[in-house]
$ cat model-v3.txt   # compact mmCIF, C-alpha atoms
# COMPACT_ATOMS: atom_id res chain seq x y z
CA MET A 1 0.00 0.00 0.00
CA MET A 2 1.27 3.50 -0.76
CA VAL A 3 0.64 6.44 1.57
CA GLY A 4 2.15 9.49 -0.07
CA ASP A 5 5.56 8.26 -1.20
CA GLN A 6 5.90 5.72 1.65
CA ARG A 7 5.43 2.04 0.82
CA TYR A 8 3.74 -0.20 3.42
CA GLU A 9 3.83 -4.00 3.17
CA LEU A 10 0.98 -6.20 4.41
CA THR A 11 2.27 -7.98 7.53
CA GLN A 12 -0.88 -9.44 9.05
CA PHE A 13 -4.62 -9.70 8.74
CA HIS A 14 -7.17 -10.82 11.28
CA PHE A 15 -10.89 -10.82 11.92
CA HIS A 16 -13.07 -9.89 14.88
CA ARG A 17 -16.67 -10.99 15.30
CA PRO A 18 -18.60 -8.83 15.96
CA SER A 19 -16.72 -5.75 14.83
CA GLU A 20 -14.83 -3.72 17.41
CA GLU A 21 -15.67 -0.50 15.58
CA THR A 22 -19.01 1.21 15.13
CA ILE A 23 -20.27 3.89 12.76
CA HIS A 24 -22.92 6.14 14.27
CA GLY A 25 -23.47 3.49 16.94
CA THR A 26 -23.96 0.63 14.46
CA ARG A 27 -21.81 -2.46 15.07
CA TYR A 28 -21.08 -4.72 12.11
CA ASP A 29 -21.19 -8.53 11.99
CA MET A 30 -17.44 -8.80 11.46
CA VAL A 31 -14.39 -6.67 10.78
CA LEU A 32 -11.22 -7.41 8.80
CA HIS A 33 -8.05 -5.61 9.90
CA LEU A 34 -5.22 -5.42 7.34
CA MET A 35 -2.00 -4.41 9.12
CA HIS A 36 0.93 -2.92 7.20
CA ALA A 37 4.48 -1.81 8.07
CA ALA A 38 6.97 0.52 6.40
CA ARG A 39 10.74 0.06 6.46
CA ASP A 40 11.09 2.93 8.93
CA GLY A 41 8.91 1.07 11.48
CA ARG A 42 5.71 3.03 10.95
CA VAL A 43 2.54 0.97 10.86
CA ALA A 44 -0.80 1.52 9.12
CA GLY A 45 -4.05 -0.38 9.42
CA VAL A 46 -6.98 -0.71 7.07
CA THR A 47 -10.36 -1.69 8.51
CA ILE A 48 -13.06 -3.35 6.40
CA LEU A 49 -16.47 -3.65 8.05
CA LEU A 50 -18.49 -6.70 7.00
CA ASN A 51 -22.13 -7.72 7.31
CA VAL A 52 -23.75 -11.06 6.55
CA GLY A 53 -24.87 -11.23 2.96
CA HIS A 54 -24.62 -13.36 -0.16
CA ALA A 55 -21.69 -15.73 -0.58
CA ASN A 56 -18.68 -14.36 -2.43
CA ARG A 57 -16.80 -16.94 -4.51
CA THR A 58 -13.42 -15.26 -4.10
CA ILE A 59 -13.77 -15.09 -0.32
CA GLU A 60 -14.96 -18.70 -0.19
CA THR A 61 -11.86 -19.81 -2.11
CA LEU A 62 -9.52 -17.82 0.13
CA TRP A 63 -11.30 -19.04 3.26
CA GLN A 64 -10.57 -22.69 2.33
CA TYR A 65 -6.84 -21.96 2.39
CA ILE A 66 -6.96 -19.76 5.49
CA THR A 67 -8.89 -22.26 7.58
CA SER A 68 -6.75 -25.20 6.48
CA ALA A 69 -3.49 -23.38 7.30
CA ALA A 70 -4.23 -22.09 10.79
CA PRO A 71 -6.59 -22.89 13.64
CA LEU A 72 -9.45 -20.45 14.13
CA ASP A 73 -9.70 -18.41 17.31
CA ARG A 74 -13.41 -18.47 18.05
CA THR A 75 -13.28 -16.07 20.99

$ encode --input "model-v3.txt" --output "structure tokens"
Amino acid sequence: MMVGDQRYELTQFHFHRPSEETIHGTRYDMVLHLMHAARDGRVAGVTILLNVGHANRTIETLWQYITSAAPLDRT
């Protein structure tokens, strides 16, 4: 990800259910946090708020690999 002329590399992603964040008091079903780091040690996060909806084929494909590679934290 580029912020100005600084390049940030994706270092981690994780989910929370329900979301930790709210918008105007509305909590979402789930949130995806994409964490990035620059060479100078600065970090940047991107938050994607998610609600239950129709299945997404791309997400379903990715989820198969994610869930087979690491145990899920259901807390």

$ closest_residue --input "model-v3.txt" --among "A:Asn56, A:Asn51, A:Gln64, A:Gln6" --to "A:Asp29" --atoms "all atoms listed in the file"
A:Asn51

$ residues_around --input "model-v3.txt" --residues "A:Leu49" --least-positions-apart "3" --cutoff "9 Å" --atoms "only C-alpha atoms" --output "PyMOL selection string"
chain A and resi 19+21-22+27-33

$ atom_distance --input "model-v3.txt" --atom1 "atom CA of A:Ile66" --atom2 "atom CA of A:His14"
10.7 Å

$ atom_distance --input "model-v3.txt" --atom1 "atom CA of A:Ile59" --atom2 "atom CA of A:Ala37"
24.1 Å

$ residues_near_point --input "model-v3.txt" --point "(4.1, 1.4, 6.7)" --cutoff "7 Å" --atoms "all atoms listed in the file" --output "ChimeraX atom specification"
/A:6-9,36-39,41-44

$ atom_distance --input "model-v3.txt" --atom1 "atom CA of A:Leu34" --atom2 "atom CA of A:Leu50"
13.3 Å

$ decode --input "model-v3.txt" --residues "stretch 34-60 of chain A" --atoms "C-alpha atoms" --output "compact mmCIF listing (two decimals), in the first residue's frame"
# COMPACT_ATOMS: atom_id res chain seq x y z
CA LEU A 34 -5.22 -5.42 7.34
CA MET A 35 -2.00 -4.41 9.12
CA HIS A 36 0.93 -2.92 7.20
CA ALA A 37 4.48 -1.81 8.07
CA ALA A 38 6.97 0.52 6.40
CA ARG A 39 10.74 0.06 6.46
CA ASP A 40 11.09 2.93 8.93
CA GLY A 41 8.91 1.07 11.48
CA ARG A 42 5.71 3.03 10.95
CA VAL A 43 2.54 0.97 10.86
CA ALA A 44 -0.80 1.52 9.12
CA GLY A 45 -4.05 -0.38 9.42
CA VAL A 46 -6.98 -0.71 7.07
CA THR A 47 -10.36 -1.69 8.51
CA ILE A 48 -13.06 -3.35 6.40
CA LEU A 49 -16.47 -3.65 8.05
CA LEU A 50 -18.49 -6.70 7.00
CA ASN A 51 -22.13 -7.72 7.31
CA VAL A 52 -23.75 -11.06 6.55
CA GLY A 53 -24.87 -11.23 2.96
CA HIS A 54 -24.62 -13.36 -0.16
CA ALA A 55 -21.69 -15.73 -0.58
CA ASN A 56 -18.68 -14.36 -2.43
CA ARG A 57 -16.80 -16.94 -4.51
CA THR A 58 -13.42 -15.26 -4.10
CA ILE A 59 -13.77 -15.09 -0.32
CA GLU A 60 -14.96 -18.70 -0.19
